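The file input.cif comes next; it holds mmCIF, N, CA and C atoms.
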```cif
data_work
#
loop_
_atom_site.label_atom_id
_atom_site.label_comp_id
_atom_site.auth_asym_id
_atom_site.auth_seq_id
_atom_site.Cartn_x
_atom_site.Cartn_y
_atom_site.Cartn_z
N MET A 6 91.42 77.02 134.30
CA MET A 6 91.42 75.57 134.24
C MET A 6 92.84 75.09 134.45
N ASN A 7 93.01 74.24 135.42
CA ASN A 7 94.32 73.66 135.67
C ASN A 7 94.38 72.30 134.98
N ILE A 8 95.33 72.13 134.09
CA ILE A 8 95.51 70.86 133.39
C ILE A 8 96.82 70.25 133.85
N LEU A 9 96.72 69.09 134.48
CA LEU A 9 97.89 68.37 134.94
C LEU A 9 98.39 67.48 133.81
N TYR A 10 99.69 67.44 133.60
CA TYR A 10 100.25 66.68 132.49
C TYR A 10 101.69 66.29 132.80
N ASP A 11 102.19 65.33 132.05
CA ASP A 11 103.58 64.91 132.14
C ASP A 11 104.41 65.93 131.36
N PRO A 12 105.30 66.66 132.01
CA PRO A 12 106.07 67.69 131.32
C PRO A 12 106.87 67.16 130.12
N GLU A 13 107.25 65.89 130.15
CA GLU A 13 108.00 65.32 129.04
C GLU A 13 107.11 65.00 127.85
N ASN A 14 105.80 65.05 128.06
CA ASN A 14 104.86 64.71 126.99
C ASN A 14 103.83 65.82 126.81
N MET A 15 104.26 67.04 127.08
CA MET A 15 103.36 68.19 127.00
C MET A 15 103.09 68.56 125.54
N PRO A 16 101.86 68.95 125.24
CA PRO A 16 101.59 69.42 123.88
C PRO A 16 102.28 70.77 123.63
N GLU A 17 102.36 71.13 122.35
CA GLU A 17 102.96 72.42 121.99
C GLU A 17 102.20 73.54 122.70
N GLU A 18 102.89 74.63 122.96
CA GLU A 18 102.34 75.73 123.75
C GLU A 18 101.04 76.29 123.18
N ALA A 19 100.98 76.54 121.87
CA ALA A 19 99.77 77.10 121.26
C ALA A 19 98.62 76.11 121.33
N LEU A 20 98.91 74.84 121.12
CA LEU A 20 97.89 73.79 121.21
C LEU A 20 97.37 73.69 122.64
N PHE A 21 98.28 73.71 123.59
CA PHE A 21 97.91 73.63 125.01
C PHE A 21 97.03 74.82 125.40
N ALA A 22 97.34 75.99 124.91
CA ALA A 22 96.54 77.18 125.21
C ALA A 22 95.11 77.02 124.71
N LYS A 23 94.94 76.47 123.49
CA LYS A 23 93.59 76.23 122.94
C LYS A 23 92.85 75.19 123.77
N MET A 24 93.54 74.15 124.19
CA MET A 24 92.93 73.11 125.01
C MET A 24 92.43 73.71 126.33
N LYS A 25 93.27 74.51 126.93
CA LYS A 25 92.94 75.13 128.21
C LYS A 25 91.76 76.10 128.07
N GLU A 26 91.79 76.90 127.01
CA GLU A 26 90.70 77.85 126.76
C GLU A 26 89.38 77.11 126.53
N GLY A 27 89.41 76.07 125.71
CA GLY A 27 88.21 75.30 125.43
C GLY A 27 87.65 74.60 126.65
N ALA A 28 88.54 74.02 127.45
CA ALA A 28 88.10 73.34 128.67
C ALA A 28 87.46 74.33 129.65
N ALA A 29 88.04 75.52 129.75
CA ALA A 29 87.48 76.55 130.63
C ALA A 29 86.07 76.95 130.17
N LEU A 30 85.89 77.09 128.87
CA LEU A 30 84.56 77.42 128.34
C LEU A 30 83.55 76.32 128.66
N CYS A 31 83.97 75.07 128.53
CA CYS A 31 83.08 73.94 128.85
C CYS A 31 82.66 73.98 130.32
N ALA A 32 83.63 74.16 131.20
CA ALA A 32 83.34 74.18 132.64
C ALA A 32 82.40 75.33 132.99
N GLU A 33 82.73 76.52 132.50
CA GLU A 33 81.92 77.69 132.83
C GLU A 33 80.50 77.57 132.30
N ALA A 34 80.32 76.91 131.16
CA ALA A 34 78.97 76.71 130.61
C ALA A 34 78.12 75.84 131.54
N GLU A 35 78.78 75.04 132.38
CA GLU A 35 78.07 74.19 133.35
C GLU A 35 78.02 74.81 134.74
N GLY A 36 78.45 76.07 134.84
CA GLY A 36 78.42 76.75 136.13
C GLY A 36 79.58 76.40 137.05
N ILE A 37 80.63 75.83 136.47
CA ILE A 37 81.81 75.45 137.26
C ILE A 37 82.89 76.49 137.04
N PRO A 38 83.35 77.15 138.10
CA PRO A 38 84.40 78.16 137.93
C PRO A 38 85.68 77.53 137.36
N ALA A 39 86.10 77.99 136.20
CA ALA A 39 87.26 77.41 135.52
C ALA A 39 88.52 77.51 136.38
N GLN A 40 88.65 78.56 137.17
CA GLN A 40 89.86 78.72 137.98
C GLN A 40 89.96 77.66 139.08
N ARG A 41 88.85 76.98 139.39
CA ARG A 41 88.87 75.91 140.39
C ARG A 41 88.92 74.52 139.77
N ALA A 42 88.65 74.42 138.47
CA ALA A 42 88.57 73.12 137.81
C ALA A 42 89.94 72.57 137.48
N GLU A 43 90.05 71.25 137.56
CA GLU A 43 91.32 70.58 137.30
C GLU A 43 91.06 69.30 136.51
N VAL A 44 91.92 69.05 135.53
CA VAL A 44 91.83 67.86 134.69
C VAL A 44 93.23 67.28 134.52
N SER A 45 93.32 65.97 134.53
CA SER A 45 94.58 65.29 134.24
C SER A 45 94.58 64.90 132.77
N LEU A 46 95.66 65.20 132.06
CA LEU A 46 95.78 64.91 130.64
C LEU A 46 97.00 64.02 130.40
N THR A 47 96.78 62.91 129.69
CA THR A 47 97.86 62.00 129.37
C THR A 47 97.79 61.63 127.89
N PHE A 48 98.93 61.69 127.22
CA PHE A 48 99.04 61.21 125.84
C PHE A 48 99.68 59.83 125.89
N VAL A 49 99.08 58.89 125.15
CA VAL A 49 99.58 57.52 125.16
C VAL A 49 99.70 56.98 123.73
N SER A 50 100.36 55.84 123.62
CA SER A 50 100.51 55.17 122.33
C SER A 50 99.25 54.37 122.00
N SER A 51 99.19 53.88 120.78
CA SER A 51 98.07 53.04 120.35
C SER A 51 97.95 51.79 121.23
N GLU A 52 99.08 51.19 121.56
CA GLU A 52 99.06 49.99 122.39
C GLU A 52 98.53 50.29 123.79
N GLU A 53 98.94 51.43 124.33
CA GLU A 53 98.50 51.79 125.69
C GLU A 53 97.00 52.10 125.73
N ILE A 54 96.51 52.82 124.74
CA ILE A 54 95.08 53.15 124.77
C ILE A 54 94.23 51.92 124.49
N ARG A 55 94.75 51.01 123.67
CA ARG A 55 94.03 49.75 123.43
C ARG A 55 93.90 48.97 124.73
N ALA A 56 94.99 48.89 125.49
CA ALA A 56 94.95 48.17 126.77
C ALA A 56 93.97 48.83 127.74
N LEU A 57 93.99 50.16 127.82
CA LEU A 57 93.04 50.87 128.69
C LEU A 57 91.61 50.64 128.25
N ASN A 58 91.37 50.71 126.95
CA ASN A 58 90.03 50.50 126.40
C ASN A 58 89.55 49.08 126.72
N ARG A 59 90.44 48.13 126.60
CA ARG A 59 90.10 46.74 126.91
C ARG A 59 89.82 46.57 128.40
N ASP A 60 90.68 47.13 129.23
CA ASP A 60 90.56 46.94 130.68
C ASP A 60 89.37 47.67 131.29
N TYR A 61 89.07 48.87 130.79
CA TYR A 61 88.02 49.68 131.40
C TYR A 61 86.68 49.64 130.69
N ARG A 62 86.68 49.30 129.39
CA ARG A 62 85.43 49.30 128.63
C ARG A 62 85.12 47.95 127.98
N ASN A 63 86.02 47.00 128.16
CA ASN A 63 85.87 45.67 127.55
C ASN A 63 85.76 45.76 126.03
N VAL A 64 86.48 46.71 125.44
CA VAL A 64 86.53 46.87 123.98
C VAL A 64 88.00 46.74 123.59
N ASP A 65 88.34 45.64 122.95
CA ASP A 65 89.75 45.35 122.64
C ASP A 65 90.13 45.93 121.29
N LYS A 66 90.18 47.28 121.23
CA LYS A 66 90.63 47.95 120.02
C LYS A 66 91.15 49.34 120.37
N VAL A 67 91.91 49.90 119.45
CA VAL A 67 92.44 51.25 119.63
C VAL A 67 91.29 52.24 119.54
N THR A 68 91.34 53.25 120.37
CA THR A 68 90.39 54.35 120.31
C THR A 68 91.17 55.66 120.34
N ASP A 69 90.48 56.76 120.13
CA ASP A 69 91.15 58.05 120.07
C ASP A 69 91.31 58.73 121.43
N VAL A 70 90.28 58.61 122.27
CA VAL A 70 90.30 59.29 123.56
C VAL A 70 89.46 58.52 124.56
N LEU A 71 89.89 58.55 125.80
CA LEU A 71 89.12 57.96 126.89
C LEU A 71 88.95 59.01 127.98
N SER A 72 87.80 58.97 128.62
CA SER A 72 87.48 59.92 129.68
C SER A 72 87.15 59.14 130.95
N PHE A 73 87.71 59.61 132.06
CA PHE A 73 87.45 58.98 133.35
C PHE A 73 86.95 60.05 134.31
N PRO A 74 85.62 60.25 134.38
CA PRO A 74 85.06 61.31 135.22
C PRO A 74 85.26 61.05 136.72
N GLN A 75 85.47 62.12 137.44
CA GLN A 75 85.59 62.05 138.89
C GLN A 75 84.20 61.96 139.54
N TYR A 76 83.22 62.59 138.91
CA TYR A 76 81.89 62.66 139.50
C TYR A 76 80.85 62.05 138.57
N GLU A 77 79.97 61.24 139.13
CA GLU A 77 78.84 60.72 138.35
C GLU A 77 77.75 61.78 138.26
N ASP A 78 77.72 62.66 139.24
CA ASP A 78 76.71 63.70 139.32
C ASP A 78 77.40 65.01 139.67
N LEU A 79 77.20 66.03 138.85
CA LEU A 79 77.88 67.31 139.11
C LEU A 79 77.43 67.96 140.41
N ASN A 80 76.34 67.47 140.99
CA ASN A 80 75.90 67.99 142.30
C ASN A 80 76.85 67.56 143.42
N GLN A 81 77.74 66.63 143.13
CA GLN A 81 78.72 66.16 144.12
C GLN A 81 79.95 67.07 144.20
N ILE A 82 80.03 68.04 143.31
CA ILE A 82 81.20 68.92 143.25
C ILE A 82 81.32 69.71 144.55
N PRO A 83 82.54 69.77 145.11
CA PRO A 83 82.73 70.50 146.37
C PRO A 83 82.49 72.01 146.19
N GLU A 84 81.98 72.62 147.25
CA GLU A 84 81.69 74.05 147.22
C GLU A 84 82.96 74.90 147.32
N GLN A 85 84.02 74.33 147.89
CA GLN A 85 85.27 75.05 148.10
C GLN A 85 86.43 74.27 147.49
N GLY A 86 87.51 74.95 147.18
CA GLY A 86 88.74 74.31 146.74
C GLY A 86 88.72 73.83 145.30
N GLU A 87 89.73 73.04 144.98
CA GLU A 87 89.88 72.49 143.63
C GLU A 87 88.71 71.57 143.28
N ILE A 88 88.41 71.52 142.00
CA ILE A 88 87.37 70.63 141.50
C ILE A 88 88.02 69.68 140.49
N PRO A 89 88.46 68.50 140.95
CA PRO A 89 89.09 67.55 140.03
C PRO A 89 88.01 66.88 139.17
N LEU A 90 87.92 67.27 137.90
CA LEU A 90 86.86 66.75 137.04
C LEU A 90 87.13 65.33 136.57
N GLY A 91 88.40 64.94 136.46
CA GLY A 91 88.73 63.59 136.04
C GLY A 91 89.96 63.55 135.15
N ASP A 92 90.06 62.44 134.41
CA ASP A 92 91.24 62.18 133.60
C ASP A 92 90.87 62.06 132.13
N VAL A 93 91.74 62.58 131.28
CA VAL A 93 91.59 62.48 129.82
C VAL A 93 92.85 61.79 129.29
N VAL A 94 92.63 60.77 128.46
CA VAL A 94 93.74 60.04 127.85
C VAL A 94 93.55 60.11 126.34
N ILE A 95 94.54 60.66 125.64
CA ILE A 95 94.45 60.84 124.18
C ILE A 95 95.56 60.03 123.50
N CYS A 96 95.19 59.35 122.43
CA CYS A 96 96.15 58.64 121.60
C CYS A 96 96.53 59.56 120.44
N ARG A 97 97.73 60.11 120.47
CA ARG A 97 98.18 61.03 119.41
C ARG A 97 98.17 60.35 118.04
N GLU A 98 98.63 59.10 117.98
CA GLU A 98 98.68 58.39 116.70
C GLU A 98 97.30 58.31 116.06
N GLN A 99 96.30 57.98 116.86
CA GLN A 99 94.93 57.89 116.34
C GLN A 99 94.41 59.27 115.96
N ALA A 100 94.76 60.28 116.73
CA ALA A 100 94.32 61.65 116.43
C ALA A 100 94.90 62.11 115.09
N VAL A 101 96.17 61.81 114.85
CA VAL A 101 96.81 62.20 113.59
C VAL A 101 96.14 61.47 112.42
N LYS A 102 95.90 60.19 112.59
CA LYS A 102 95.23 59.40 111.56
C LYS A 102 93.85 59.97 111.23
N GLN A 103 93.08 60.27 112.26
CA GLN A 103 91.73 60.82 112.05
C GLN A 103 91.78 62.19 111.40
N ALA A 104 92.74 63.01 111.79
CA ALA A 104 92.87 64.34 111.19
C ALA A 104 93.11 64.21 109.69
N GLN A 105 93.96 63.28 109.30
CA GLN A 105 94.23 63.06 107.87
C GLN A 105 92.97 62.60 107.15
N GLU A 106 92.24 61.67 107.76
CA GLU A 106 91.01 61.15 107.16
C GLU A 106 89.96 62.24 107.01
N LEU A 107 89.89 63.15 108.00
CA LEU A 107 88.87 64.20 108.00
C LEU A 107 89.32 65.46 107.26
N GLY A 108 90.59 65.52 106.90
CA GLY A 108 91.08 66.65 106.14
C GLY A 108 91.29 67.93 106.94
N HIS A 109 91.62 67.80 108.20
CA HIS A 109 91.98 68.99 108.97
C HIS A 109 93.25 68.73 109.77
N SER A 110 93.71 69.73 110.49
CA SER A 110 95.00 69.65 111.17
C SER A 110 94.96 68.71 112.37
N LYS A 111 96.12 68.18 112.71
CA LYS A 111 96.20 67.32 113.89
C LYS A 111 95.91 68.14 115.15
N GLU A 112 96.27 69.43 115.12
CA GLU A 112 96.01 70.29 116.26
C GLU A 112 94.51 70.42 116.50
N ARG A 113 93.75 70.63 115.43
CA ARG A 113 92.30 70.73 115.57
C ARG A 113 91.73 69.43 116.12
N GLU A 114 92.22 68.31 115.62
CA GLU A 114 91.71 67.01 116.08
C GLU A 114 92.02 66.77 117.54
N ILE A 115 93.23 67.09 117.96
CA ILE A 115 93.60 66.88 119.37
C ILE A 115 92.76 67.78 120.28
N VAL A 116 92.59 69.04 119.90
CA VAL A 116 91.76 69.93 120.72
C VAL A 116 90.32 69.43 120.75
N TYR A 117 89.80 69.01 119.59
CA TYR A 117 88.43 68.49 119.55
C TYR A 117 88.29 67.28 120.47
N LEU A 118 89.23 66.34 120.42
CA LEU A 118 89.15 65.15 121.27
C LEU A 118 89.19 65.54 122.75
N PHE A 119 89.99 66.54 123.07
CA PHE A 119 90.07 67.01 124.45
C PHE A 119 88.73 67.63 124.89
N ILE A 120 88.16 68.47 124.03
CA ILE A 120 86.87 69.10 124.35
C ILE A 120 85.79 68.02 124.47
N HIS A 121 85.80 67.06 123.57
CA HIS A 121 84.86 65.94 123.62
C HIS A 121 84.97 65.23 124.98
N SER A 122 86.18 64.99 125.40
CA SER A 122 86.40 64.30 126.66
C SER A 122 85.98 65.16 127.85
N ILE A 123 86.25 66.45 127.79
CA ILE A 123 85.81 67.35 128.87
C ILE A 123 84.29 67.30 128.99
N CYS A 124 83.60 67.26 127.86
CA CYS A 124 82.14 67.14 127.90
C CYS A 124 81.72 65.86 128.61
N HIS A 125 82.42 64.77 128.35
CA HIS A 125 82.14 63.52 129.08
C HIS A 125 82.36 63.70 130.58
N LEU A 126 83.45 64.37 130.95
CA LEU A 126 83.73 64.59 132.37
C LEU A 126 82.64 65.42 133.03
N LEU A 127 81.96 66.22 132.23
CA LEU A 127 80.89 67.09 132.73
C LEU A 127 79.51 66.44 132.62
N GLY A 128 79.49 65.16 132.29
CA GLY A 128 78.23 64.42 132.31
C GLY A 128 77.55 64.21 130.98
N TYR A 129 78.12 64.71 129.90
CA TYR A 129 77.51 64.52 128.58
C TYR A 129 77.85 63.14 128.04
N ASP A 130 76.94 62.61 127.23
CA ASP A 130 77.12 61.30 126.64
C ASP A 130 76.55 61.30 125.23
N HIS A 131 76.83 60.27 124.47
CA HIS A 131 76.33 60.20 123.10
C HIS A 131 75.78 58.82 122.78
N MET A 132 75.21 58.18 123.79
CA MET A 132 74.63 56.85 123.58
C MET A 132 73.30 56.93 122.82
N GLU A 133 72.51 57.92 123.13
CA GLU A 133 71.22 58.13 122.46
C GLU A 133 71.36 59.29 121.47
N GLU A 134 70.62 59.25 120.38
CA GLU A 134 70.74 60.27 119.33
C GLU A 134 70.52 61.69 119.86
N GLU A 135 69.52 61.88 120.70
CA GLU A 135 69.24 63.21 121.25
C GLU A 135 70.43 63.70 122.09
N ASP A 136 70.99 62.81 122.90
CA ASP A 136 72.15 63.16 123.72
C ASP A 136 73.37 63.45 122.84
N ARG A 137 73.54 62.66 121.79
CA ARG A 137 74.66 62.86 120.86
C ARG A 137 74.58 64.24 120.21
N GLN A 138 73.38 64.63 119.79
CA GLN A 138 73.19 65.93 119.16
C GLN A 138 73.49 67.07 120.14
N GLU A 139 73.03 66.92 121.38
CA GLU A 139 73.28 67.94 122.40
C GLU A 139 74.78 68.07 122.68
N MET A 140 75.45 66.93 122.80
CA MET A 140 76.88 66.95 123.06
C MET A 140 77.63 67.55 121.89
N ARG A 141 77.27 67.17 120.68
CA ARG A 141 77.93 67.70 119.48
C ARG A 141 77.74 69.21 119.38
N GLN A 142 76.54 69.72 119.69
CA GLN A 142 76.31 71.16 119.67
C GLN A 142 77.21 71.87 120.67
N ARG A 143 77.36 71.28 121.85
CA ARG A 143 78.21 71.86 122.89
C ARG A 143 79.67 71.91 122.40
N GLU A 144 80.14 70.79 121.83
CA GLU A 144 81.51 70.71 121.33
C GLU A 144 81.75 71.73 120.22
N GLU A 145 80.86 71.78 119.26
CA GLU A 145 81.03 72.69 118.12
C GLU A 145 80.96 74.15 118.55
N ALA A 146 80.12 74.46 119.53
CA ALA A 146 80.05 75.84 120.04
C ALA A 146 81.38 76.25 120.65
N VAL A 147 81.98 75.37 121.42
CA VAL A 147 83.28 75.66 122.04
C VAL A 147 84.36 75.77 120.96
N MET A 148 84.36 74.83 120.03
CA MET A 148 85.38 74.87 118.97
C MET A 148 85.27 76.16 118.15
N SER A 149 84.07 76.63 117.95
CA SER A 149 83.85 77.88 117.23
C SER A 149 84.40 79.07 118.03
N LYS A 150 84.13 79.08 119.33
CA LYS A 150 84.59 80.18 120.17
C LYS A 150 86.12 80.26 120.24
N ILE A 151 86.78 79.11 120.11
CA ILE A 151 88.24 79.14 120.14
C ILE A 151 88.84 79.12 118.74
N GLN A 152 87.97 79.37 117.77
CA GLN A 152 88.33 79.54 116.36
C GLN A 152 88.99 78.29 115.75
N LEU A 153 88.37 77.12 116.05
CA LEU A 153 88.82 75.87 115.46
C LEU A 153 87.63 75.10 114.88
N GLU A 154 86.69 75.85 114.33
CA GLU A 154 85.53 75.18 113.73
C GLU A 154 85.95 74.42 112.49
N ARG A 155 85.05 73.56 112.05
CA ARG A 155 85.34 72.73 110.86
C ARG A 155 85.48 73.60 109.64
#
```
What is this structure when it is put down as structure tokens?
Amino acid sequence: MNILYDPENMPEEALFAKMKEGAALCAEAEGIPAQRAEVSLTFVSSEEIRALNRDYRNVDKVTDVLSFPQYEDLNQIPEQGEIPLGDVVICREQAVKQAQELGHSKEREIVYLFIHSICHLLGYDHMEEEDRQEMRQREEAVMSKIQLER
């Protein structure tokens, strides 16, 4: 899995390795070769994510993560070359706050938000209860495999 990021805002090496491992597991579970998959990752402030949330979702509040999929349908994925899955935007401040509220590490929360977003890029959603349960099972399975379960 190739993760594009701003070198000045790169996550810690161990955290980045977990993110990369988890994203690769997500892609491979959908039949997408991880070595061809690519994701853009950006960390932003509360103000920046609020503006993005307002502009793209018409929700004027801070959120933890936003996902911008490249494909509406995974059948559109090219047979050759890189597979740009989309963009992930994470608000570190919100992730730290949520980690404190949930009683686990900020590293676990950031990796979870990234995996959650990768699932969105792969077509998963949580608008309906059945879909939410399926997505949550996928996320928790990956988090368990990378040894970051709850």
Hits of the PyMOL selection byres ((chain A and resi 126) around 6) in this structure, as a PyMOL selection string | chain A and resi 73-75+90+122-125+127-129
Return as CSV the residues of region 83-136 of chain A lying at most 8 Å from region 53-56 of chain A, together with the closest atom-to-atom pair for each and the distance in Å to one decimal, counting only N, CA and C atoms, with rows in chain order and ascending residue number.
```
residue,atom,partner,partner_atom,distance
A:Val94,C,A:Ile54,CA,7.3
A:Ile95,C,A:Ile54,CA,7.0
A:Cys96,CA,A:Ile54,CA,6.4
```
Closest of A:Glu84, A:Glu98, A:Glu135, A:Glu145 to Ser51 (chain A), counting all atoms listed in the file, is A:Glu98
Secondary structure check, strand (DSSP E) residues of chain A, as a list of chain:residue names =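 Across chain A, those assigned strand (DSSP E) are A:Asn7, A:Ile8, A:Leu9, A:Ala42, A:Glu43, A:Val44, A:Ser45, A:Leu46, A:Thr47, A:Phe48, A:Val49, A:Val70, A:Leu71, A:Ser72, A:Phe73, A:Pro74, A:Ile88, A:Pro89, A:Leu90, A:Gly91, A:Asp92, A:Val93, A:Val94, A:Ile95, A:Cys96.
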Nearest to Met148 (chain A), chosen from A:Gln40, A:Glu33, A:Tyr117, A:Phe21, with all atoms listed in the file counted in the distances | A:Tyr117
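Counting from CA of Arg113 (chain A), the distance to CA of Ile151 (chain A) is 10.4 Å.
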Looking at A:Lys25, A:Arg155, A:His121, A:Arg137, which one is nearest to His109 (chain A), with distances taken over only N, CA and C atoms?
->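 The answer is A:Arg155, which sits nearest to His109 (chain A).
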I would like the residues chosen by the PyMOL selection byres (((chain A and resi 99 and name CA) around 8) and name CA) on the shown file; could you give them as JSON, numbers by chain?
-> {"A": [51, 67, 68, 69, 96, 97, 98, 100, 101, 102, 103]}
One-decimal distance in Å that lies between atom C of Leu9 (chain A) and CA of Glu43 (chain A) =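 Pair CA of Glu43 (chain A) / atom C of Leu9 (chain A) returns 8.5 Å.
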From atom N of Leu153 (chain A) to atom C of Glu114 (chain A) the spacing works out at 11.1 Å
Where does the PyMOL selection byres ((chain A and resi 41) around 6.5) land in this file, that is, which residues does it pick, as a PDB file with N, CA and C atoms, keeping the file's coordinate frame?
```pdb
ATOM      1  N   MET A   6      91.420  77.020 134.300  1.00  0.00           N
ATOM      2  CA  MET A   6      91.420  75.570 134.240  1.00  0.00           C
ATOM      3  C   MET A   6      92.840  75.090 134.450  1.00  0.00           C
ATOM      4  N   ASN A   7      93.010  74.240 135.420  1.00  0.00           N
ATOM      5  CA  ASN A   7      94.320  73.660 135.670  1.00  0.00           C
ATOM      6  C   ASN A   7      94.380  72.300 134.980  1.00  0.00           C
ATOM      7  N   ILE A  37      80.630  75.830 136.470  1.00  0.00           N
ATOM      8  CA  ILE A  37      81.810  75.450 137.260  1.00  0.00           C
ATOM      9  C   ILE A  37      82.890  76.490 137.040  1.00  0.00           C
ATOM     10  N   PRO A  38      83.350  77.150 138.100  1.00  0.00           N
ATOM     11  CA  PRO A  38      84.400  78.160 137.930  1.00  0.00           C
ATOM     12  C   PRO A  38      85.680  77.530 137.360  1.00  0.00           C
ATOM     13  N   ALA A  39      86.100  77.990 136.200  1.00  0.00           N
ATOM     14  CA  ALA A  39      87.260  77.410 135.520  1.00  0.00           C
ATOM     15  C   ALA A  39      88.520  77.510 136.380  1.00  0.00           C
ATOM     16  N   GLN A  40      88.650  78.560 137.170  1.00  0.00           N
ATOM     17  CA  GLN A  40      89.860  78.720 137.980  1.00  0.00           C
ATOM     18  C   GLN A  40      89.960  77.660 139.080  1.00  0.00           C
ATOM     19  N   ALA A  42      88.650  74.420 138.470  1.00  0.00           N
ATOM     20  CA  ALA A  42      88.570  73.120 137.810  1.00  0.00           C
ATOM     21  C   ALA A  42      89.940  72.570 137.480  1.00  0.00           C
ATOM     22  N   GLU A  43      90.050  71.250 137.560  1.00  0.00           N
ATOM     23  CA  GLU A  43      91.320  70.580 137.300  1.00  0.00           C
ATOM     24  C   GLU A  43      91.060  69.300 136.510  1.00  0.00           C
ATOM     25  N   GLY A  86      87.510  74.950 147.180  1.00  0.00           N
ATOM     26  CA  GLY A  86      88.740  74.310 146.740  1.00  0.00           C
ATOM     27  C   GLY A  86      88.720  73.830 145.300  1.00  0.00           C
ATOM     28  N   GLU A  87      89.730  73.040 144.980  1.00  0.00           N
ATOM     29  CA  GLU A  87      89.880  72.490 143.630  1.00  0.00           C
ATOM     30  C   GLU A  87      88.710  71.570 143.280  1.00  0.00           C
ATOM     31  N   ILE A  88      88.410  71.520 142.000  1.00  0.00           N
ATOM     32  CA  ILE A  88      87.370  70.630 141.500  1.00  0.00           C
ATOM     33  C   ILE A  88      88.020  69.680 140.490  1.00  0.00           C
ATOM     34  N   PRO A  89      88.460  68.500 140.950  1.00  0.00           N
ATOM     35  CA  PRO A  89      89.090  67.550 140.030  1.00  0.00           C
ATOM     36  C   PRO A  89      88.010  66.880 139.170  1.00  0.00           C
TER      37      PRO A  89
END
```
Among the residues of region 6-118 of chain A, find those DSSP assigns to helix (DSSP H, G or I) from the backbone and print them as JSON, numbers by chain.
-> {"A": [12, 13, 14, 18, 19, 20, 21, 22, 23, 24, 25, 26, 27, 28, 29, 30, 31, 32, 33, 34, 39, 40, 41, 51, 52, 53, 54, 55, 56, 57, 58, 59, 60, 61, 62, 79, 80, 81, 97, 98, 99, 100, 101, 102, 103, 104, 105, 106, 107, 111, 112, 113, 114, 115, 116, 117, 118]}
Using only the atoms of region 84-100 of chain A listed in the file, plus 6 Å on each side, state the axis-aligned box centre and edge lengths in Å rounded to one decimal, as JSON.
```
{"center_x": 90.2, "center_y": 66.5, "center_z": 131.6, "size_x": 29.0, "size_y": 29.2, "size_z": 45.0}
```
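Take the candidates A:Thr47, A:Tyr76, A:Leu118, A:Ala29 and check each one against Asp11 (chain A) using all atoms listed in the file; the shortest distance goes to A:Thr47.
Nearest to Tyr10 (chain A) of all the residues A:Val64, A:Val44, A:Ile115, A:Leu71 is A:Val44, based on only C-alpha atoms.
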Which residue out of A:Glu52, A:Ala22, A:Ser72, A:Leu30 has the minimum interatomic distance to Val93 (chain A) when only N, CA and C atoms are used?
-> A:Ser72
Distance query Val147 (chain A) at most 8 Å, only N, CA and C atoms, self and fewer than 3 positions along chain excluded, as a CSV table (one decimal) with N, CA and C atoms, in the frame of the given file:
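The result, written out as out.csv:
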```
chain,number,residue,atom,x,y,z
A,26,GLU,N,91.8,76.9,127.0
A,26,GLU,CA,90.7,77.8,126.8
A,26,GLU,C,89.4,77.1,126.5
A,27,GLY,N,89.4,76.1,125.7
A,27,GLY,CA,88.2,75.3,125.4
A,27,GLY,C,87.6,74.6,126.6
A,28,ALA,N,88.5,74.0,127.4
A,28,ALA,CA,88.1,73.3,128.7
A,28,ALA,C,87.5,74.3,129.6
A,30,LEU,N,85.9,77.1,128.9
A,30,LEU,CA,84.6,77.4,128.3
A,30,LEU,C,83.6,76.3,128.7
A,31,CYS,N,84.0,75.1,128.5
A,31,CYS,CA,83.1,73.9,128.8
A,31,CYS,C,82.7,74.0,130.3
A,120,ILE,N,88.2,68.5,124.0
A,120,ILE,CA,86.9,69.1,124.4
A,120,ILE,C,85.8,68.0,124.5
A,141,ARG,N,77.3,67.2,120.7
A,141,ARG,CA,77.9,67.7,119.5
A,141,ARG,C,77.7,69.2,119.4
A,142,GLN,N,76.5,69.7,119.7
A,142,GLN,CA,76.3,71.2,119.7
A,142,GLN,C,77.2,71.9,120.7
A,143,ARG,N,77.4,71.3,121.8
A,143,ARG,CA,78.2,71.9,122.9
A,143,ARG,C,79.7,71.9,122.4
A,144,GLU,N,80.1,70.8,121.8
A,144,GLU,CA,81.5,70.7,121.3
A,144,GLU,C,81.8,71.7,120.2
A,150,LYS,N,84.1,79.1,119.3
A,150,LYS,CA,84.6,80.2,120.2
A,150,LYS,C,86.1,80.3,120.2
A,151,ILE,N,86.8,79.1,120.1
A,151,ILE,CA,88.2,79.1,120.1
A,151,ILE,C,88.8,79.1,118.7
A,152,GLN,N,88.0,79.4,117.8
A,152,GLN,CA,88.3,79.5,116.4
A,152,GLN,C,89.0,78.3,115.8
A,153,LEU,N,88.4,77.1,116.0
A,153,LEU,CA,88.8,75.9,115.5
A,153,LEU,C,87.6,75.1,114.9
A,154,GLU,N,86.7,75.8,114.3
A,154,GLU,CA,85.5,75.2,113.7
A,154,GLU,C,86.0,74.4,112.5
```
